[in-house]
file entry11.pdb (PDB, C-alpha atoms)
ATOM      1  CA  MET Q   1      97.460 137.434  71.734  1.00  0.00           C
ATOM      2  CA  MET Q   2      96.125 139.585  74.551  1.00  0.00           C
ATOM      3  CA  LEU Q   3      98.605 141.309  76.840  1.00  0.00           C
ATOM      4  CA  SER Q   4      97.839 142.935  80.138  1.00  0.00           C
ATOM      5  CA  PRO Q   5      99.126 146.523  80.527  1.00  0.00           C
ATOM      6  CA  ASN Q   6     101.779 145.629  83.085  1.00  0.00           C
ATOM      7  CA  GLN Q   7     103.348 143.196  80.658  1.00  0.00           C
ATOM      8  CA  VAL Q   8     104.047 145.951  78.215  1.00  0.00           C
ATOM      9  CA  THR Q   9     106.818 148.403  79.093  1.00  0.00           C
ATOM     10  CA  GLY Q  10     107.414 150.803  76.282  1.00  0.00           C
ATOM     11  CA  LEU Q  11     108.064 148.775  73.236  1.00  0.00           C
ATOM     12  CA  ASP Q  12     109.591 145.764  75.011  1.00  0.00           C
ATOM     13  CA  PHE Q  13     107.535 142.749  75.967  1.00  0.00           C
ATOM     14  CA  GLN Q  14     108.633 141.109  79.203  1.00  0.00           C
ATOM     15  CA  LEU Q  15     108.886 137.363  79.276  1.00  0.00           C
ATOM     16  CA  LYS Q  16     105.923 135.961  81.156  1.00  0.00           C
ATOM     17  CA  ILE Q  17     107.787 132.922  82.442  1.00  0.00           C
ATOM     18  CA  THR Q  18     111.498 132.948  83.069  1.00  0.00           C
ATOM     19  CA  ASN Q  19     112.407 129.365  82.545  1.00  0.00           C
ATOM     20  CA  PRO Q  20     116.116 128.770  83.174  1.00  0.00           C
ATOM     21  CA  GLN Q  21     116.043 126.118  80.465  1.00  0.00           C
ATOM     22  CA  HIS Q  22     115.367 128.870  77.958  1.00  0.00           C
ATOM     23  CA  ILE Q  23     118.366 130.877  79.030  1.00  0.00           C
ATOM     24  CA  THR Q  24     121.162 128.686  80.337  1.00  0.00           C
ATOM     25  CA  ASP Q  25     122.677 125.741  78.602  1.00  0.00           C
ATOM     26  CA  GLN Q  26     121.946 122.669  80.693  1.00  0.00           C
ATOM     27  CA  SER Q  27     122.939 120.051  78.165  1.00  0.00           C
ATOM     28  CA  THR Q  28     126.216 119.360  79.985  1.00  0.00           C
ATOM     29  CA  VAL Q  29     126.146 118.627  83.707  1.00  0.00           C
ATOM     30  CA  LYS Q  30     128.918 120.441  85.488  1.00  0.00           C
ATOM     31  CA  SER Q  31     130.707 118.701  88.302  1.00  0.00           C
ATOM     32  CA  GLU Q  32     129.967 121.690  90.557  1.00  0.00           C
ATOM     33  CA  SER Q  33     126.267 121.008  90.254  1.00  0.00           C
ATOM     34  CA  ILE Q  34     126.817 117.328  90.999  1.00  0.00           C
ATOM     35  CA  GLU Q  35     128.691 118.288  94.117  1.00  0.00           C
ATOM     36  CA  ARG Q  36     125.991 120.701  95.176  1.00  0.00           C
ATOM     37  CA  ASN Q  37     123.255 118.182  94.431  1.00  0.00           C
ATOM     38  CA  PHE Q  38     125.033 115.521  96.413  1.00  0.00           C
ATOM     39  CA  LEU Q  39     125.447 117.913  99.328  1.00  0.00           C
ATOM     40  CA  ASP Q  40     121.767 118.856  99.174  1.00  0.00           C
ATOM     41  CA  VAL Q  41     120.700 115.235  99.041  1.00  0.00           C
ATOM     42  CA  MET Q  42     122.884 114.307 101.987  1.00  0.00           C
ATOM     43  CA  LYS Q  43     121.764 117.343 103.951  1.00  0.00           C
ATOM     44  CA  SER Q  44     118.080 116.656 103.384  1.00  0.00           C
ATOM     45  CA  ALA Q  45     118.648 112.993 104.257  1.00  0.00           C
ATOM     46  CA  ILE Q  46     120.315 113.998 107.525  1.00  0.00           C
ATOM     47  CA  LEU Q  47     117.470 116.381 108.268  1.00  0.00           C
ATOM     48  CA  ASN Q  48     114.900 113.684 107.515  1.00  0.00           C
ATOM     49  CA  VAL Q  49     116.588 111.190 109.815  1.00  0.00           C
ATOM     50  CA  ASN Q  50     116.919 113.874 112.459  1.00  0.00           C
ATOM     51  CA  ASP Q  51     113.229 114.735 112.132  1.00  0.00           C
ATOM     52  CA  MET Q  52     112.276 111.110 112.646  1.00  0.00           C
ATOM     53  CA  ALA Q  53     114.472 110.909 115.744  1.00  0.00           C
ATOM     54  CA  LEU Q  54     113.021 114.158 117.076  1.00  0.00           C
ATOM     55  CA  ASN Q  55     109.496 112.896 116.451  1.00  0.00           C
ATOM     56  CA  ALA Q  56     110.227 109.688 118.343  1.00  0.00           C
ATOM     57  CA  ASP Q  57     111.753 111.750 121.135  1.00  0.00           C
ATOM     58  CA  LYS Q  58     108.724 114.016 121.357  1.00  0.00           C
ATOM     59  CA  LEU Q  59     106.361 111.048 121.433  1.00  0.00           C
ATOM     60  CA  ALA Q  60     108.414 109.380 124.168  1.00  0.00           C
ATOM     61  CA  GLN Q  61     108.323 112.564 126.231  1.00  0.00           C
ATOM     62  CA  THR Q  62     104.566 112.833 125.749  1.00  0.00           C
ATOM     63  CA  MET Q  63     104.273 109.196 126.761  1.00  0.00           C
ATOM     64  CA  VAL Q  64     105.877 110.019 130.107  1.00  0.00           C
ATOM     65  CA  SER Q  65     104.272 113.388 130.732  1.00  0.00           C
ATOM     66  CA  ASN Q  66     100.799 112.670 129.369  1.00  0.00           C
ATOM     67  CA  PRO Q  67     100.176 108.943 128.899  1.00  0.00           C
ATOM     68  CA  GLU Q  68      96.526 109.466 127.919  1.00  0.00           C
ATOM     69  CA  MET Q  69      97.562 111.286 124.763  1.00  0.00           C
ATOM     70  CA  VAL Q  70      99.571 108.643 122.898  1.00  0.00           C
ATOM     71  CA  ASN Q  71      99.348 104.957 122.158  1.00  0.00           C
ATOM     72  CA  ILE Q  72     102.403 102.969 123.123  1.00  0.00           C
ATOM     73  CA  HIS Q  73     102.631 101.464 119.655  1.00  0.00           C
ATOM     74  CA  ASP Q  74     102.847 104.927 118.103  1.00  0.00           C
ATOM     75  CA  VAL Q  75     105.913 105.605 120.250  1.00  0.00           C
ATOM     76  CA  THR Q  76     107.598 102.312 119.425  1.00  0.00           C
ATOM     77  CA  ILE Q  77     106.772 102.642 115.720  1.00  0.00           C
ATOM     78  CA  ALA Q  78     108.227 106.151 115.636  1.00  0.00           C
ATOM     79  CA  MET Q  79     111.329 104.775 117.351  1.00  0.00           C
ATOM     80  CA  SER Q  80     111.519 101.942 114.796  1.00  0.00           C
ATOM     81  CA  LYS Q  81     111.224 104.416 111.952  1.00  0.00           C
ATOM     82  CA  ALA Q  82     113.990 106.560 113.412  1.00  0.00           C
ATOM     83  CA  GLU Q  83     116.162 103.478 113.886  1.00  0.00           C
ATOM     84  CA  MET Q  84     115.510 102.233 110.349  1.00  0.00           C
ATOM     85  CA  GLY Q  85     116.230 105.631 108.848  1.00  0.00           C
ATOM     86  CA  MET Q  86     119.398 105.911 110.906  1.00  0.00           C
ATOM     87  CA  MET Q  87     120.589 102.469 109.817  1.00  0.00           C
ATOM     88  CA  PHE Q  88     119.835 103.192 106.180  1.00  0.00           C
ATOM     89  CA  PHE Q  89     121.635 106.521 106.382  1.00  0.00           C
ATOM     90  CA  LYS Q  90     124.597 104.885 108.124  1.00  0.00           C
ATOM     91  CA  SER Q  91     124.920 102.221 105.456  1.00  0.00           C
ATOM     92  CA  VAL Q  92     124.767 104.855 102.718  1.00  0.00           C
ATOM     93  CA  THR Q  93     127.449 107.012 104.379  1.00  0.00           C
ATOM     94  CA  ASP Q  94     129.567 103.902 104.964  1.00  0.00           C
ATOM     95  CA  LYS Q  95     129.395 103.190 101.252  1.00  0.00           C
ATOM     96  CA  VAL Q  96     130.315 106.778 100.442  1.00  0.00           C
ATOM     97  CA  VAL Q  97     133.301 106.735 102.806  1.00  0.00           C
ATOM     98  CA  LEU Q  98     134.336 103.403 101.334  1.00  0.00           C
ATOM     99  CA  ALA Q  99     134.250 104.850  97.829  1.00  0.00           C
ATOM    100  CA  TYR Q 100     136.258 107.837  99.060  1.00  0.00           C
ATOM    101  CA  ARG Q 101     138.887 105.502 100.564  1.00  0.00           C
ATOM    102  CA  GLU Q 102     139.039 103.531  97.335  1.00  0.00           C
ATOM    103  CA  ILE Q 103     139.763 106.733  95.436  1.00  0.00           C
ATOM    104  CA  ILE Q 104     142.366 107.867  98.006  1.00  0.00           C
ATOM    105  CA  ASN Q 105     144.157 104.537  97.765  1.00  0.00           C
ATOM    106  CA  MET Q 106     144.288 104.709  93.995  1.00  0.00           C
ATOM    107  CA  ARG Q 107     147.929 104.930  92.895  1.00  0.00           C
TER     108      ARG Q 107
ATOM    109  CA  MET I   1     105.802 101.780  97.811  1.00  0.00           C
ATOM    110  CA  GLY I   2     107.736 103.540 100.513  1.00  0.00           C
ATOM    111  CA  MET I   3     110.185 102.453 103.121  1.00  0.00           C
ATOM    112  CA  PHE I   4     107.611 102.710 105.893  1.00  0.00           C
ATOM    113  CA  ASP I   5     104.443 101.611 104.091  1.00  0.00           C
ATOM    114  CA  ALA I   6     104.203  98.255 105.846  1.00  0.00           C
ATOM    115  CA  LEU I   7     104.869  99.991 109.149  1.00  0.00           C
ATOM    116  CA  ASN I   8     102.170 102.596 108.580  1.00  0.00           C
ATOM    117  CA  ILE I   9      99.615  99.997 107.495  1.00  0.00           C
ATOM    118  CA  SER I  10     100.327  97.840 110.527  1.00  0.00           C
ATOM    119  CA  ALA I  11     100.183 100.925 112.732  1.00  0.00           C
ATOM    120  CA  SER I  12      96.656 101.600 111.519  1.00  0.00           C
ATOM    121  CA  GLY I  13      95.779  97.998 112.401  1.00  0.00           C
ATOM    122  CA  LEU I  14      97.284  98.426 115.848  1.00  0.00           C
ATOM    123  CA  SER I  15      95.293 101.593 116.482  1.00  0.00           C
ATOM    124  CA  ALA I  16      92.100  99.961 115.262  1.00  0.00           C
ATOM    125  CA  GLN I  17      92.572  96.942 117.519  1.00  0.00           C
ATOM    126  CA  ARG I  18      93.374  99.195 120.477  1.00  0.00           C
ATOM    127  CA  PHE I  19      90.161 101.067 119.787  1.00  0.00           C
ATOM    128  CA  ARG I  20      88.236  97.815 119.556  1.00  0.00           C
ATOM    129  CA  MET I  21      89.677  96.789 122.896  1.00  0.00           C
ATOM    130  CA  ASP I  22      88.517 100.109 124.400  1.00  0.00           C
ATOM    131  CA  VAL I  23      84.990  99.482 123.143  1.00  0.00           C
ATOM    132  CA  ILE I  24      85.001  95.902 124.456  1.00  0.00           C
ATOM    133  CA  SER I  25      86.187  97.040 127.875  1.00  0.00           C
ATOM    134  CA  ASN I  26      83.409  99.624 127.914  1.00  0.00           C
ATOM    135  CA  ASN I  27      80.914  96.838 127.152  1.00  0.00           C
ATOM    136  CA  ILE I  28      82.278  94.701 129.970  1.00  0.00           C
ATOM    137  CA  ALA I  29      82.363  97.609 132.402  1.00  0.00           C
ATOM    138  CA  ASN I  30      78.698  98.332 131.688  1.00  0.00           C
ATOM    139  CA  VAL I  31      77.573  94.747 132.065  1.00  0.00           C
ATOM    140  CA  ASN I  32      75.124  95.719 134.829  1.00  0.00           C
ATOM    141  CA  THR I  33      74.103  99.213 133.681  1.00  0.00           C
ATOM    142  CA  THR I  34      70.327  99.212 133.637  1.00  0.00           C
ATOM    143  CA  ARG I  35      69.833 102.900 132.860  1.00  0.00           C
ATOM    144  CA  THR I  36      71.654 105.207 130.449  1.00  0.00           C
ATOM    145  CA  THR I  37      71.006 108.794 129.423  1.00  0.00           C
ATOM    146  CA  GLU I  38      68.734 107.474 126.663  1.00  0.00           C
ATOM    147  CA  GLY I  39      66.508 106.056 129.399  1.00  0.00           C
ATOM    148  CA  GLU I  40      66.866 102.352 128.676  1.00  0.00           C
ATOM    149  CA  ALA I  41      69.360  99.626 129.486  1.00  0.00           C
ATOM    150  CA  PHE I  42      72.896  99.808 128.130  1.00  0.00           C
ATOM    151  CA  LYS I  43      73.313  98.294 124.663  1.00  0.00           C
ATOM    152  CA  ARG I  44      76.589  96.737 123.674  1.00  0.00           C
ATOM    153  CA  SER I  45      78.573  98.589 121.012  1.00  0.00           C
ATOM    154  CA  MET I  46      80.393  97.137 118.041  1.00  0.00           C
ATOM    155  CA  VAL I  47      83.242  98.688 116.058  1.00  0.00           C
ATOM    156  CA  ILE I  48      82.729  99.037 112.312  1.00  0.00           C
ATOM    157  CA  MET I  49      85.954  98.950 110.303  1.00  0.00           C
ATOM    158  CA  ARG I  50      86.625  99.939 106.718  1.00  0.00           C
ATOM    159  CA  PRO I  51      89.745  99.892 104.531  1.00  0.00           C
ATOM    160  CA  ARG I  52      91.519 103.225 104.666  1.00  0.00           C
ATOM    161  CA  GLU I  53      91.905 105.034 101.378  1.00  0.00           C
ATOM    162  CA  ASP I  54      93.855 108.237 101.564  1.00  0.00           C
ATOM    163  CA  SER I  55      92.315 109.517  98.358  1.00  0.00           C
ATOM    164  CA  LEU I  56      89.612 108.420  96.000  1.00  0.00           C
ATOM    165  CA  ARG I  57      91.007 106.508  93.059  1.00  0.00           C
ATOM    166  CA  PHE I  58      89.731 106.197  89.554  1.00  0.00           C
ATOM    167  CA  LYS I  59      89.308 102.555  88.696  1.00  0.00           C
ATOM    168  CA  SER I  60      89.784 102.214  84.990  1.00  0.00           C
ATOM    169  CA  PRO I  61      87.442  99.739  83.295  1.00  0.00           C
ATOM    170  CA  VAL I  62      89.936  99.324  80.459  1.00  0.00           C
ATOM    171  CA  LEU I  63      93.148  98.531  82.318  1.00  0.00           C
ATOM    172  CA  PRO I  64      93.595  94.937  83.461  1.00  0.00           C
ATOM    173  CA  ASP I  65      93.457  94.331  87.200  1.00  0.00           C
ATOM    174  CA  ALA I  66      97.160  93.586  87.346  1.00  0.00           C
ATOM    175  CA  LEU I  67      97.942  97.204  86.439  1.00  0.00           C
ATOM    176  CA  GLN I  68      95.613  98.714  89.029  1.00  0.00           C
ATOM    177  CA  PRO I  69      97.268  99.815  92.255  1.00  0.00           C
ATOM    178  CA  ALA I  70      96.185  97.053  94.577  1.00  0.00           C
ATOM    179  CA  THR I  71      97.942  97.704  97.868  1.00  0.00           C
ATOM    180  CA  GLY I  72      95.656  99.378 100.324  1.00  0.00           C
ATOM    181  CA  SER I  73      96.750 101.762 102.993  1.00  0.00           C
ATOM    182  CA  GLY I  74      95.484 100.142 106.137  1.00  0.00           C
ATOM    183  CA  VAL I  75      92.287 100.124 108.134  1.00  0.00           C
ATOM    184  CA  ARG I  76      90.210 102.833 109.698  1.00  0.00           C
ATOM    185  CA  VAL I  77      87.452 102.744 112.243  1.00  0.00           C
ATOM    186  CA  MET I  78      84.315 103.983 110.548  1.00  0.00           C
ATOM    187  CA  GLY I  79      82.156 104.153 113.610  1.00  0.00           C
ATOM    188  CA  ILE I  80      80.549 102.477 116.558  1.00  0.00           C
ATOM    189  CA  GLU I  81      77.206 100.789 116.142  1.00  0.00           C
ATOM    190  CA  LYS I  82      74.846  99.786 118.930  1.00  0.00           C
ATOM    191  CA  ASP I  83      73.624  96.215 119.077  1.00  0.00           C
ATOM    192  CA  MET I  84      69.893  96.758 119.479  1.00  0.00           C
ATOM    193  CA  SER I  85      68.952  93.181 120.375  1.00  0.00           C
ATOM    194  CA  PRO I  86      66.781  92.955 123.507  1.00  0.00           C
ATOM    195  CA  GLY I  87      68.493  92.529 126.844  1.00  0.00           C
ATOM    196  CA  LYS I  88      67.925  89.998 129.558  1.00  0.00           C
ATOM    197  CA  MET I  89      64.712  90.581 131.571  1.00  0.00           C
ATOM    198  CA  VAL I  90      64.935  89.903 135.310  1.00  0.00           C
ATOM    199  CA  TYR I  91      61.938  90.086 137.654  1.00  0.00           C
ATOM    200  CA  ASP I  92      62.944  92.414 140.485  1.00  0.00           C
ATOM    201  CA  PRO I  93      60.140  94.849 141.515  1.00  0.00           C
ATOM    202  CA  THR I  94      62.288  96.480 144.196  1.00  0.00           C
ATOM    203  CA  HIS I  95      64.874  97.616 141.646  1.00  0.00           C
ATOM    204  CA  PRO I  96      64.657 101.395 140.987  1.00  0.00           C
ATOM    205  CA  ASP I  97      64.953 100.801 137.235  1.00  0.00           C
ATOM    206  CA  ALA I  98      62.156  98.227 137.086  1.00  0.00           C
ATOM    207  CA  TYR I  99      59.234  98.882 134.718  1.00  0.00           C
ATOM    208  CA  GLN I 100      56.511 100.645 136.672  1.00  0.00           C
ATOM    209  CA  SER I 101      53.591  99.758 134.389  1.00  0.00           C
ATOM    210  CA  GLY I 102      52.610  97.749 131.350  1.00  0.00           C
ATOM    211  CA  ASP I 103      52.964  94.049 130.748  1.00  0.00           C
ATOM    212  CA  LYS I 104      56.660  94.203 131.769  1.00  0.00           C
ATOM    213  CA  LYS I 105      55.732  95.606 135.212  1.00  0.00           C
ATOM    214  CA  GLY I 106      58.294  94.604 137.818  1.00  0.00           C
ATOM    215  CA  TYR I 107      60.903  93.501 135.305  1.00  0.00           C
ATOM    216  CA  VAL I 108      64.347  95.051 134.980  1.00  0.00           C
ATOM    217  CA  GLU I 109      66.028  95.052 131.576  1.00  0.00           C
ATOM    218  CA  TYR I 110      69.695  94.192 131.854  1.00  0.00           C
ATOM    219  CA  PRO I 111      72.176  95.034 129.056  1.00  0.00           C
ATOM    220  CA  ASN I 112      72.505  92.653 126.116  1.00  0.00           C
ATOM    221  CA  VAL I 113      76.192  92.250 126.945  1.00  0.00           C
ATOM    222  CA  THR I 114      77.244  88.616 127.129  1.00  0.00           C
ATOM    223  CA  LEU I 115      80.523  88.153 128.930  1.00  0.00           C
ATOM    224  CA  VAL I 116      81.413  85.109 126.832  1.00  0.00           C
ATOM    225  CA  THR I 117      81.020  87.027 123.560  1.00  0.00           C
ATOM    226  CA  GLU I 118      82.979  89.946 124.913  1.00  0.00           C
ATOM    227  CA  MET I 119      85.802  87.687 126.080  1.00  0.00           C
ATOM    228  CA  VAL I 120      85.994  86.032 122.657  1.00  0.00           C
ATOM    229  CA  ASP I 121      86.068  89.464 121.008  1.00  0.00           C
ATOM    230  CA  LEU I 122      88.757  90.531 123.459  1.00  0.00           C
ATOM    231  CA  ILE I 123      90.909  87.539 122.557  1.00  0.00           C
ATOM    232  CA  THR I 124      90.503  88.159 118.824  1.00  0.00           C
ATOM    233  CA  ALA I 125      91.396  91.830 119.339  1.00  0.00           C
ATOM    234  CA  SER I 126      94.532  91.026 121.286  1.00  0.00           C
ATOM    235  CA  ARG I 127      95.565  88.314 118.825  1.00  0.00           C
ATOM    236  CA  ALA I 128      95.047  90.686 115.902  1.00  0.00           C
ATOM    237  CA  TYR I 129      97.151  93.257 117.741  1.00  0.00           C
ATOM    238  CA  GLU I 130      99.877  90.651 118.161  1.00  0.00           C
ATOM    239  CA  ALA I 131      99.659  89.746 114.484  1.00  0.00           C
ATOM    240  CA  ASN I 132     100.199  93.384 113.534  1.00  0.00           C
ATOM    241  CA  VAL I 133     103.188  93.591 115.874  1.00  0.00           C
ATOM    242  CA  ALA I 134     104.627  90.449 114.272  1.00  0.00           C
ATOM    243  CA  MET I 135     104.062  92.055 110.879  1.00  0.00           C
ATOM    244  CA  ILE I 136     105.982  95.159 111.957  1.00  0.00           C
ATOM    245  CA  ASN I 137     108.837  93.102 113.350  1.00  0.00           C
ATOM    246  CA  SER I 138     109.200  90.998 110.249  1.00  0.00           C
ATOM    247  CA  SER I 139     109.056  94.022 107.940  1.00  0.00           C
ATOM    248  CA  LYS I 140     111.821  95.574 110.048  1.00  0.00           C
ATOM    249  CA  GLN I 141     113.778  92.350 109.752  1.00  0.00           C
ATOM    250  CA  MET I 142     113.269  92.381 105.985  1.00  0.00           C
ATOM    251  CA  PHE I 143     114.570  95.940 105.868  1.00  0.00           C
ATOM    252  CA  ASN I 144     117.658  94.945 107.877  1.00  0.00           C
ATOM    253  CA  ARG I 145     118.273  91.972 105.595  1.00  0.00           C
ATOM    254  CA  GLY I 146     118.033  94.320 102.628  1.00  0.00           C
ATOM    255  CA  LEU I 147     120.635  96.569 104.214  1.00  0.00           C
ATOM    256  CA  GLU I 148     122.971  93.610 104.489  1.00  0.00           C
ATOM    257  CA  ILE I 149     123.228  93.380 100.709  1.00  0.00           C
ATOM    258  CA  GLY I 150     126.718  94.371  99.667  1.00  0.00           C
ATOM    259  CA  LEU I 151     128.158  94.477 103.166  1.00  0.00           C
ATOM    260  CA  ARG I 152     131.648  93.227 103.501  1.00  0.00           C
TER     261      ARG I 152
END
call {"tool": "encode", "arguments": {"input": "entry11.pdb", "output": "structure tokens"}}
result
Amino acid sequence: MMLSPNQVTGLDFQLKITNPQHITDQSTVKSESIERNFLDVMKSAILNVNDMALNADKLAQTMVSNPEMVNIHDVTIAMSKAEMGMMFFKSVTDKVVLAYREIINMR
Amino acid sequence: MGMFDALNISASGLSAQRFRMDVISNNIANVNTTRTTEGEAFKRSMVIMRPREDSLRFKSPVLPDALQPATGSGVRVMGIEKDMSPGKMVYDPTHPDAYQSGDKKGYVEYPNVTLVTEMVDLITASRAYEANVAMINSSKQMFNRGLEIGLR
């Protein structure tokens, strides 16, 4: 096996790739990580929906300020996408809140 | 298979039909143009369309067709071609664009644009546009129906 000089420090060989799977035990999923993952997923979903709405907004503004630049169907399709994403997100959050209520009412 | 695939595909169709309409209106606007920068009468243009592939795909000769990804990703306009068929010849020696010599002396070449053809093309373009809009609306409706699953 060939090693480049900067891989060799004294007598110790540094690991070339630090794969967390080699170090930490990931066989059990901790509830903290579930919580964080769920938060990340929700956050990225919100950001995605927000991006779609912003895109539709930008296109609508361009439509007014510079009508030569955009096709009308691009504006309406962007609006449809934003609406669909919003509705999907709303139904998902409704389900989540419903599950939360179910747990709260458990007694 | 994404949430917006049908929308994106129909959007490409809408853009293509809009473009076709632009070309048709240019043909109609130039119905009497007897001289262009190329020096001859205006020739009508036609839009060439091709299926849009975002990336080249390897088509396996071994796999059966059912396993090949079959859904396309819409249409794209490949280019504009000129219809080089000869135009209508009208005898008008006083016209500044009339042939000055040769056996066509005194004749003016008018564009090969036929209003009837252009109108038929226009109607097909606008109907295709409408069909794409209907496609978008029904895919949105399908999405909404899917969201209704499990609602109380």
call {"tool": "resolve_selection", "arguments": {"input": "entry11.pdb", "expression": "the PyMOL selection byres ((chain I) within 10 of (chain Q))", "output": "PyMOL selection string"}}
result
chain I and resi 3-4+7-8+10-12+14-15+18+133+136-137+140+143-144+146-148+150-151
call {"tool": "resolve_selection", "arguments": {"input": "entry11.pdb", "expression": "the PyMOL selection byres ((chain I and resi 20-24) around 7)", "output": "list in words"}}
result
Ala16, Gln17, Arg18, Phe19, Ser25, Asn26, Asn27, Ile28, Ser45, Val47, Glu118, Leu122 and Ala125 of chain I
call {"tool": "residues_near_point", "arguments": {"input": "entry11.pdb", "point": "(66.0, 93.4, 136.0)", "cutoff": "7 Å", "atoms": "only C-alpha atoms", "output": "MDAnalysis selection string"}}
result
chainID I and resid 89:92 98 107:110
call {"tool": "residues_around", "arguments": {"input": "entry11.pdb", "residues": "I:Asp83", "least_positions_apart": "3", "cutoff": "9 Å", "atoms": "only C-alpha atoms", "output": "ChimeraX atom specification"}}
result
/I:43-46,86,112
call {"tool": "atom_distance", "arguments": {"input": "entry11.pdb", "atom1": "atom CA of Q:Asn55", "atom2": "atom CA of Q:Pro67"}}
result
16.0 Å
call {"tool": "atom_distance", "arguments": {"input": "entry11.pdb", "atom1": "atom CA of I:Tyr99", "atom2": "atom CA of I:Val113"}}
result
19.8 Å
call {"tool": "atom_distance", "arguments": {"input": "entry11.pdb", "atom1": "atom CA of I:Ala131", "atom2": "atom CA of I:Ile9"}}
result
12.4 Å
call {"tool": "resolve_selection", "arguments": {"input": "entry11.pdb", "expression": "the PyMOL selection byres ((chain I and resi 76) around 7)", "output": "PyMOL selection string"}}
result
chain I and resi 12+16+49-52+74-75+77-78
call {"tool": "axis_aligned_box", "arguments": {"input": "entry11.pdb", "around": "stretch 101-107 of chain Q", "padding_each_side": "5 Å", "output": "lines of an AutoDock Vina configuration file"}}
result
center_x = 143.4
center_y = 105.7
center_z = 96.7
size_x = 19.0
size_y = 14.3
size_z = 17.7
